>>> print(open('model33.pdb').read())   # PDB, C-alpha atoms, pLDDT in the B column
ATOM      1  CA  MET A  18     105.475 110.482  87.145  1.00 72.00           C
ATOM      2  CA  GLU A  19     107.335 111.425  90.300  1.00 84.00           C
ATOM      3  CA  SER A  20     105.316 112.075  93.410  1.00 88.00           C
ATOM      4  CA  ILE A  21     105.926 113.481  96.868  1.00 90.00           C
ATOM      5  CA  VAL A  22     104.332 112.225 100.076  1.00 93.00           C
ATOM      6  CA  ILE A  23     103.633 114.571 102.951  1.00 94.00           C
ATOM      7  CA  GLU A  24     102.747 113.051 106.302  1.00 96.00           C
ATOM      8  CA  ILE A  25     101.222 114.689 109.343  1.00 97.00           C
ATOM      9  CA  ASN A  26     101.519 112.373 112.323  1.00 97.00           C
ATOM     10  CA  GLY A  27      99.890 112.603 115.719  1.00 97.00           C
ATOM     11  CA  LEU A  28      97.853 115.783 115.251  1.00 98.00           C
ATOM     12  CA  ALA A  29      96.143 116.068 118.655  1.00 97.00           C
ATOM     13  CA  ILE A  30      92.601 117.448 118.610  1.00 97.00           C
ATOM     14  CA  ARG A  31      89.757 117.632 121.123  1.00 96.00           C
ATOM     15  CA  ALA A  32      86.452 116.855 119.378  1.00 96.00           C
ATOM     16  CA  ARG A  33      82.896 115.655 120.001  1.00 94.00           C
ATOM     17  CA  HIS A  34      82.668 112.501 117.887  1.00 94.00           C
ATOM     18  CA  GLY A  35      80.854 109.451 119.172  1.00 91.00           C
ATOM     19  CA  VAL A  36      77.562 107.653 119.558  1.00 90.00           C
ATOM     20  CA  LEU A  37      77.094 108.204 123.290  1.00 86.00           C
ATOM     21  CA  PRO A  38      75.469 111.474 124.406  1.00 86.00           C
ATOM     22  CA  GLN A  39      78.325 112.143 126.841  1.00 84.00           C
ATOM     23  CA  GLU A  40      80.877 111.876 124.022  1.00 83.00           C
ATOM     24  CA  ARG A  41      78.950 114.482 122.073  1.00 87.00           C
ATOM     25  CA  ALA A  42      78.578 116.761 125.108  1.00 87.00           C
ATOM     26  CA  VAL A  43      81.996 116.478 126.755  1.00 88.00           C
ATOM     27  CA  GLY A  44      84.158 115.393 123.846  1.00 91.00           C
ATOM     28  CA  ASN A  45      87.239 113.241 123.734  1.00 93.00           C
ATOM     29  CA  ASP A  46      90.859 113.432 122.647  1.00 95.00           C
ATOM     30  CA  PHE A  47      91.660 112.338 119.108  1.00 97.00           C
ATOM     31  CA  GLU A  48      94.816 111.827 117.128  1.00 98.00           C
ATOM     32  CA  VAL A  49      94.882 112.265 113.351  1.00 98.00           C
ATOM     33  CA  ASP A  50      97.524 110.903 110.992  1.00 98.00           C
ATOM     34  CA  LEU A  51      97.525 112.013 107.386  1.00 97.00           C
ATOM     35  CA  ARG A  52      99.441 110.872 104.309  1.00 97.00           C
ATOM     36  CA  ILE A  53      98.977 112.876 101.107  1.00 96.00           C
ATOM     37  CA  GLU A  54     100.618 112.133  97.761  1.00 95.00           C
ATOM     38  CA  TYR A  55     100.833 114.715  94.981  1.00 92.00           C
ATOM     39  CA  PRO A  56     102.888 115.416  91.831  1.00 89.00           C
ATOM     40  CA  ALA A  57     106.442 116.436  92.679  1.00 79.00           C
ATOM     41  CA  ARG A  58     107.939 118.059  89.591  1.00 82.00           C
ATOM     42  CA  GLU A  59     107.265 121.748  90.391  1.00 81.00           C
ATOM     43  CA  ALA A  60     108.286 121.551  94.052  1.00 81.00           C
ATOM     44  CA  VAL A  61     111.417 119.532  93.299  1.00 84.00           C
ATOM     45  CA  ASP A  62     112.552 121.753  90.413  1.00 87.00           C
ATOM     46  CA  HIS A  63     111.615 125.229  91.649  1.00 86.00           C
ATOM     47  CA  ASP A  64     111.787 125.345  95.483  1.00 85.00           C
ATOM     48  CA  ARG A  65     108.643 127.478  95.798  1.00 83.00           C
ATOM     49  CA  LEU A  66     105.964 127.179  98.469  1.00 81.00           C
ATOM     50  CA  ASP A  67     103.234 127.710  95.870  1.00 82.00           C
ATOM     51  CA  ALA A  68     104.508 124.591  94.046  1.00 82.00           C
ATOM     52  CA  THR A  69     103.921 122.271  96.977  1.00 85.00           C
ATOM     53  CA  LEU A  70     101.133 121.138  99.247  1.00 88.00           C
ATOM     54  CA  ASN A  71     101.401 123.324 102.353  1.00 90.00           C
ATOM     55  CA  TYR A  72     101.198 120.946 105.317  1.00 92.00           C
ATOM     56  CA  ALA A  73     100.253 123.774 107.703  1.00 94.00           C
ATOM     57  CA  GLU A  74      97.168 124.396 105.547  1.00 95.00           C
ATOM     58  CA  ALA A  75      96.427 120.654 105.486  1.00 96.00           C
ATOM     59  CA  ALA A  76      96.548 120.596 109.305  1.00 97.00           C
ATOM     60  CA  ALA A  77      94.166 123.577 109.393  1.00 98.00           C
ATOM     61  CA  VAL A  78      91.725 121.699 107.131  1.00 98.00           C
ATOM     62  CA  VAL A  79      91.860 118.720 109.510  1.00 98.00           C
ATOM     63  CA  ARG A  80      91.211 120.916 112.560  1.00 97.00           C
ATOM     64  CA  GLU A  81      88.243 122.593 110.839  1.00 98.00           C
ATOM     65  CA  VAL A  82      86.626 119.299 109.805  1.00 98.00           C
ATOM     66  CA  MET A  83      87.140 117.822 113.281  1.00 97.00           C
ATOM     67  CA  LEU A  84      85.042 120.643 114.780  1.00 96.00           C
ATOM     68  CA  VAL A  85      81.877 119.190 113.212  1.00 96.00           C
ATOM     69  CA  PRO A  86      80.597 116.260 115.344  1.00 95.00           C
ATOM     70  CA  SER A  87      79.931 112.844 113.812  1.00 95.00           C
ATOM     71  CA  GLN A  88      78.704 109.636 115.355  1.00 94.00           C
ATOM     72  CA  LEU A  89      81.117 107.472 113.359  1.00 95.00           C
ATOM     73  CA  LEU A  90      84.847 107.803 112.817  1.00 96.00           C
ATOM     74  CA  GLU A  91      84.220 106.430 109.311  1.00 97.00           C
ATOM     75  CA  ASN A  92      82.192 109.553 108.576  1.00 97.00           C
ATOM     76  CA  VAL A  93      84.948 111.770 109.989  1.00 98.00           C
ATOM     77  CA  CYS A  94      87.512 110.100 107.718  1.00 98.00           C
ATOM     78  CA  GLY A  95      85.257 110.527 104.690  1.00 98.00           C
ATOM     79  CA  ARG A  96      84.664 114.201 105.425  1.00 98.00           C
ATOM     80  CA  LEU A  97      88.415 114.720 105.859  1.00 98.00           C
ATOM     81  CA  ARG A  98      89.068 113.118 102.459  1.00 98.00           C
ATOM     82  CA  VAL A  99      86.483 115.343 100.759  1.00 98.00           C
ATOM     83  CA  ALA A 100      87.762 118.536 102.423  1.00 98.00           C
ATOM     84  CA  LEU A 101      91.397 117.775 101.600  1.00 97.00           C
ATOM     85  CA  MET A 102      90.591 116.939  97.970  1.00 97.00           C
ATOM     86  CA  GLU A 103      88.582 120.165  97.630  1.00 97.00           C
ATOM     87  CA  ARG A 104      91.397 122.271  99.106  1.00 96.00           C
ATOM     88  CA  PHE A 105      94.195 120.451  97.276  1.00 94.00           C
ATOM     89  CA  PRO A 106      92.891 119.113  93.937  1.00 94.00           C
ATOM     90  CA  ALA A 107      96.403 117.979  92.921  1.00 92.00           C
ATOM     91  CA  ILE A 108      96.288 115.134  95.476  1.00 95.00           C
ATOM     92  CA  ILE A 109      96.670 111.806  93.678  1.00 94.00           C
ATOM     93  CA  ALA A 110      96.352 109.530  96.729  1.00 97.00           C
ATOM     94  CA  GLY A 111      95.909 109.752 100.445  1.00 97.00           C
ATOM     95  CA  ARG A 112      95.334 108.063 103.748  1.00 98.00           C
ATOM     96  CA  VAL A 113      93.731 109.469 106.860  1.00 98.00           C
ATOM     97  CA  ARG A 114      93.625 107.733 110.234  1.00 98.00           C
ATOM     98  CA  VAL A 115      91.514 109.038 113.106  1.00 98.00           C
ATOM     99  CA  ALA A 116      92.078 107.519 116.549  1.00 97.00           C
ATOM    100  CA  LYS A 117      89.850 108.123 119.558  1.00 95.00           C
ATOM    101  CA  LEU A 118      92.048 108.047 122.636  1.00 94.00           C
ATOM    102  CA  ASN A 119      90.724 106.323 125.758  1.00 86.00           C
ATOM    103  CA  PRO A 120      87.388 105.278 124.213  1.00 87.00           C
ATOM    104  CA  PRO A 121      84.491 104.699 126.622  1.00 81.00           C
ATOM    105  CA  ILE A 122      84.097 100.924 126.268  1.00 81.00           C
ATOM    106  CA  ALA A 123      82.679  99.277 129.382  1.00 82.00           C
ATOM    107  CA  GLY A 124      84.979  96.686 130.923  1.00 86.00           C
ATOM    108  CA  ALA A 125      87.913  97.456 128.622  1.00 84.00           C
ATOM    109  CA  GLN A 126      90.959  99.636 129.052  1.00 85.00           C
ATOM    110  CA  LEU A 127      92.195 100.674 125.630  1.00 87.00           C
ATOM    111  CA  ARG A 128      94.699 103.263 124.532  1.00 91.00           C
ATOM    112  CA  SER A 129      92.693 103.996 121.383  1.00 92.00           C
ATOM    113  CA  VAL A 130      90.383 102.816 118.641  1.00 93.00           C
ATOM    114  CA  ALA A 131      90.951 104.011 115.103  1.00 96.00           C
ATOM    115  CA  VAL A 132      89.541 104.089 111.601  1.00 97.00           C
ATOM    116  CA  GLU A 133      91.730 104.505 108.533  1.00 98.00           C
ATOM    117  CA  LEU A 134      90.586 105.490 105.042  1.00 98.00           C
ATOM    118  CA  SER A 135      92.850 105.224 101.989  1.00 98.00           C
ATOM    119  CA  TRP A 136      92.087 106.496  98.495  1.00 97.00           C
ATOM    120  CA  THR A 137      93.534 107.130  95.083  1.00 95.00           C
ATOM    121  CA  THR A 138      92.205 109.428  92.424  1.00 89.00           C
ATOM    122  CA  GLU A 139      91.639 108.252  88.890  1.00 70.00           C
ATOM    123  CA  THR A 140      93.972 109.829  86.375  1.00 55.00           C
TER
END
>>> encode(input="model33.pdb", output="structure tokens")
Amino acid sequence: MESIVIEINGLAIRARHGVLPQERAVGNDFEVDLRIEYPAREAVDHDRLDATLNYAEAAAVVREVMLVPSQLLENVCGRLRVALMERFPAIIAGRVRVAKLNPPIAGAQLRSVAVELSWTTET
């Protein structure tokens, strides 16, 4: 079976994820990378938008999920996987990476911390 991979890289979002009360109140900047694999035959053969996975809609799903605060980035990644699979049931595999930019870690200057979740569906 042929498959297509769509990637969304560096989707910048302001959100309120974190354990510290200030993170939940003020928020932080996040960057989301997404890799979605789905069957290719219809999109390759017919050149129709309804035969592909619309990456603008995938980005909208990510933005919507990111609006709901979580303490853990692991939870954010899991909720993104569920929402994407519900919206696009043809997905056969995926990867989502959520990075918190400039995390508030005492005594450390970091560009980001990130969690990445990969999955495949059973066929």
>>> atom_distance(input="model33.pdb", atom1="atom CA of A:Leu134", atom2="atom CA of A:Glu40")
22.3 Å
>>> resolve_selection(input="model33.pdb", expression="the PyMOL selection byres ((chain A and resi 98) around 9)", output="VMD selection string")
chain A and resid 93 to 97 99 to 103 111 to 113 134 to 136
>>> resolve_selection(input="model33.pdb", expression="the PyMOL selection byres ((chain A and resi 48-55) around 7)", output="number ranges by chain")
A: 20-30, 46-47, 56-57, 107-117
>>> write_last_selection(input="model33.pdb", atoms="C-alpha atoms", output="tab-separated table (two decimals), keeping the file's coordinate frame")
chain	number	residue	atom	x	y	z
A	20	SER	CA	105.32	112.08	93.41
A	21	ILE	CA	105.93	113.48	96.87
A	22	VAL	CA	104.33	112.22	100.08
A	23	ILE	CA	103.63	114.57	102.95
A	24	GLU	CA	102.75	113.05	106.30
A	25	ILE	CA	101.22	114.69	109.34
A	26	ASN	CA	101.52	112.37	112.32
A	27	GLY	CA	99.89	112.60	115.72
A	28	LEU	CA	97.85	115.78	115.25
A	29	ALA	CA	96.14	116.07	118.66
A	30	ILE	CA	92.60	117.45	118.61
A	46	ASP	CA	90.86	113.43	122.65
A	47	PHE	CA	91.66	112.34	119.11
A	56	PRO	CA	102.89	115.42	91.83
A	57	ALA	CA	106.44	116.44	92.68
A	107	ALA	CA	96.40	117.98	92.92
A	108	ILE	CA	96.29	115.13	95.48
A	109	ILE	CA	96.67	111.81	93.68
A	110	ALA	CA	96.35	109.53	96.73
A	111	GLY	CA	95.91	109.75	100.44
A	112	ARG	CA	95.33	108.06	103.75
A	113	VAL	CA	93.73	109.47	106.86
A	114	ARG	CA	93.62	107.73	110.23
A	115	VAL	CA	91.51	109.04	113.11
A	116	ALA	CA	92.08	107.52	116.55
A	117	LYS	CA	89.85	108.12	119.56
>>> resolve_selection(input="model33.pdb", expression="the PyMOL selection byres ((chain A and resi 73-90) around 6)", output="list in words")
Arg33, His34, Gly35, Val36, Asn71, Tyr72, Glu91, Asn92 and Val93 of chain A
>>> axis_aligned_box(input="model33.pdb", around="stretch 94-103 of chain A", padding_each_side="8 Å", output="lines of an AutoDock Vina configuration file")
center_x = 88.0
center_y = 115.1
center_z = 102.7
size_x = 22.7
size_y = 26.1
size_z = 26.1
>>> residues_around(input="model33.pdb", residues="A:Arg58", least_positions_apart="2", cutoff="9 Å", atoms="only C-alpha atoms", output="ChimeraX atom specification")
/A:18-21,56,60-63,68
>>> atom_distance(input="model33.pdb", atom1="atom CA of A:Glu139", atom2="atom CA of A:Asp64")
27.2 Å
>>> atom_distance(input="model33.pdb", atom1="atom CA of A:Val130", atom2="atom CA of A:Ala32")
14.6 Å
>>> decode(input="model33.pdb", residues="stretch 23-66 of chain A", atoms="C-alpha atoms", output="JSON list (two decimals), in the first residue's frame")
[["chain", "number", "residue", "atom", "x", "y", "z"],
["A", 23, "ILE", "CA", 2.02, 15.32, 5.57],
["A", 24, "GLU", "CA", 4.17, 17.33, 7.96],
["A", 25, "ILE", "CA", 3.35, 20.53, 9.80],
["A", 26, "ASN", "CA", 6.51, 21.99, 11.27],
["A", 27, "GLY", "CA", 6.93, 24.79, 13.77],
["A", 28, "LEU", "CA", 3.28, 25.66, 14.40],
["A", 29, "ALA", "CA", 3.62, 28.47, 16.95],
["A", 30, "ILE", "CA", 0.93, 28.60, 19.63],
["A", 31, "ARG", "CA", 0.51, 30.44, 22.93],
["A", 32, "ALA", "CA", -0.99, 28.08, 25.53],
["A", 33, "ARG", "CA", -1.34, 27.52, 29.28],
["A", 34, "HIS", "CA", 0.29, 24.12, 29.79],
["A", 35, "GLY", "CA", 2.46, 23.47, 32.81],
["A", 36, "VAL", "CA", 2.62, 22.44, 36.43],
["A", 37, "LEU", "CA", 3.42, 25.85, 37.91],
["A", 38, "PRO", "CA", 0.49, 28.18, 38.67],
["A", 39, "GLN", "CA", 2.15, 31.01, 36.73],
["A", 40, "GLU", "CA", 2.39, 28.83, 33.62],
["A", 41, "ARG", "CA", -1.32, 28.15, 33.84],
["A", 42, "ALA", "CA", -2.15, 31.83, 34.45],
["A", 43, "VAL", "CA", 0.22, 33.60, 32.05],
["A", 44, "GLY", "CA", 0.92, 30.88, 29.52],
["A", 45, "ASN", "CA", 3.97, 30.17, 27.44],
["A", 46, "ASP", "CA", 4.98, 29.85, 23.81],
["A", 47, "PHE", "CA", 4.85, 26.39, 22.28],
["A", 48, "GLU", "CA", 5.88, 24.89, 18.98],
["A", 49, "VAL", "CA", 4.08, 21.87, 17.53],
["A", 50, "ASP", "CA", 5.43, 19.55, 14.84],
["A", 51, "LEU", "CA", 3.13, 17.00, 13.28],
["A", 52, "ARG", "CA", 3.70, 14.07, 10.93],
["A", 53, "ILE", "CA", 0.63, 12.24, 9.63],
["A", 54, "GLU", "CA", 0.65, 9.23, 7.30],
["A", 55, "TYR", "CA", -2.42, 8.14, 5.36],
["A", 56, "PRO", "CA", -3.31, 6.08, 2.26],
["A", 57, "ALA", "CA", -2.25, 7.82, -0.93],
["A", 58, "ARG", "CA", -4.10, 6.18, -3.81],
["A", 59, "GLU", "CA", -7.08, 8.58, -4.13],
["A", 60, "ALA", "CA", -5.04, 11.77, -3.76],
["A", 61, "VAL", "CA", -2.33, 10.59, -6.13],
["A", 62, "ASP", "CA", -4.75, 9.36, -8.81],
["A", 63, "HIS", "CA", -7.49, 11.99, -8.69],
["A", 64, "ASP", "CA", -6.02, 15.37, -7.61],
["A", 65, "ARG", "CA", -9.01, 16.23, -5.40],
["A", 66, "LEU", "CA", -8.91, 17.99, -2.04]]
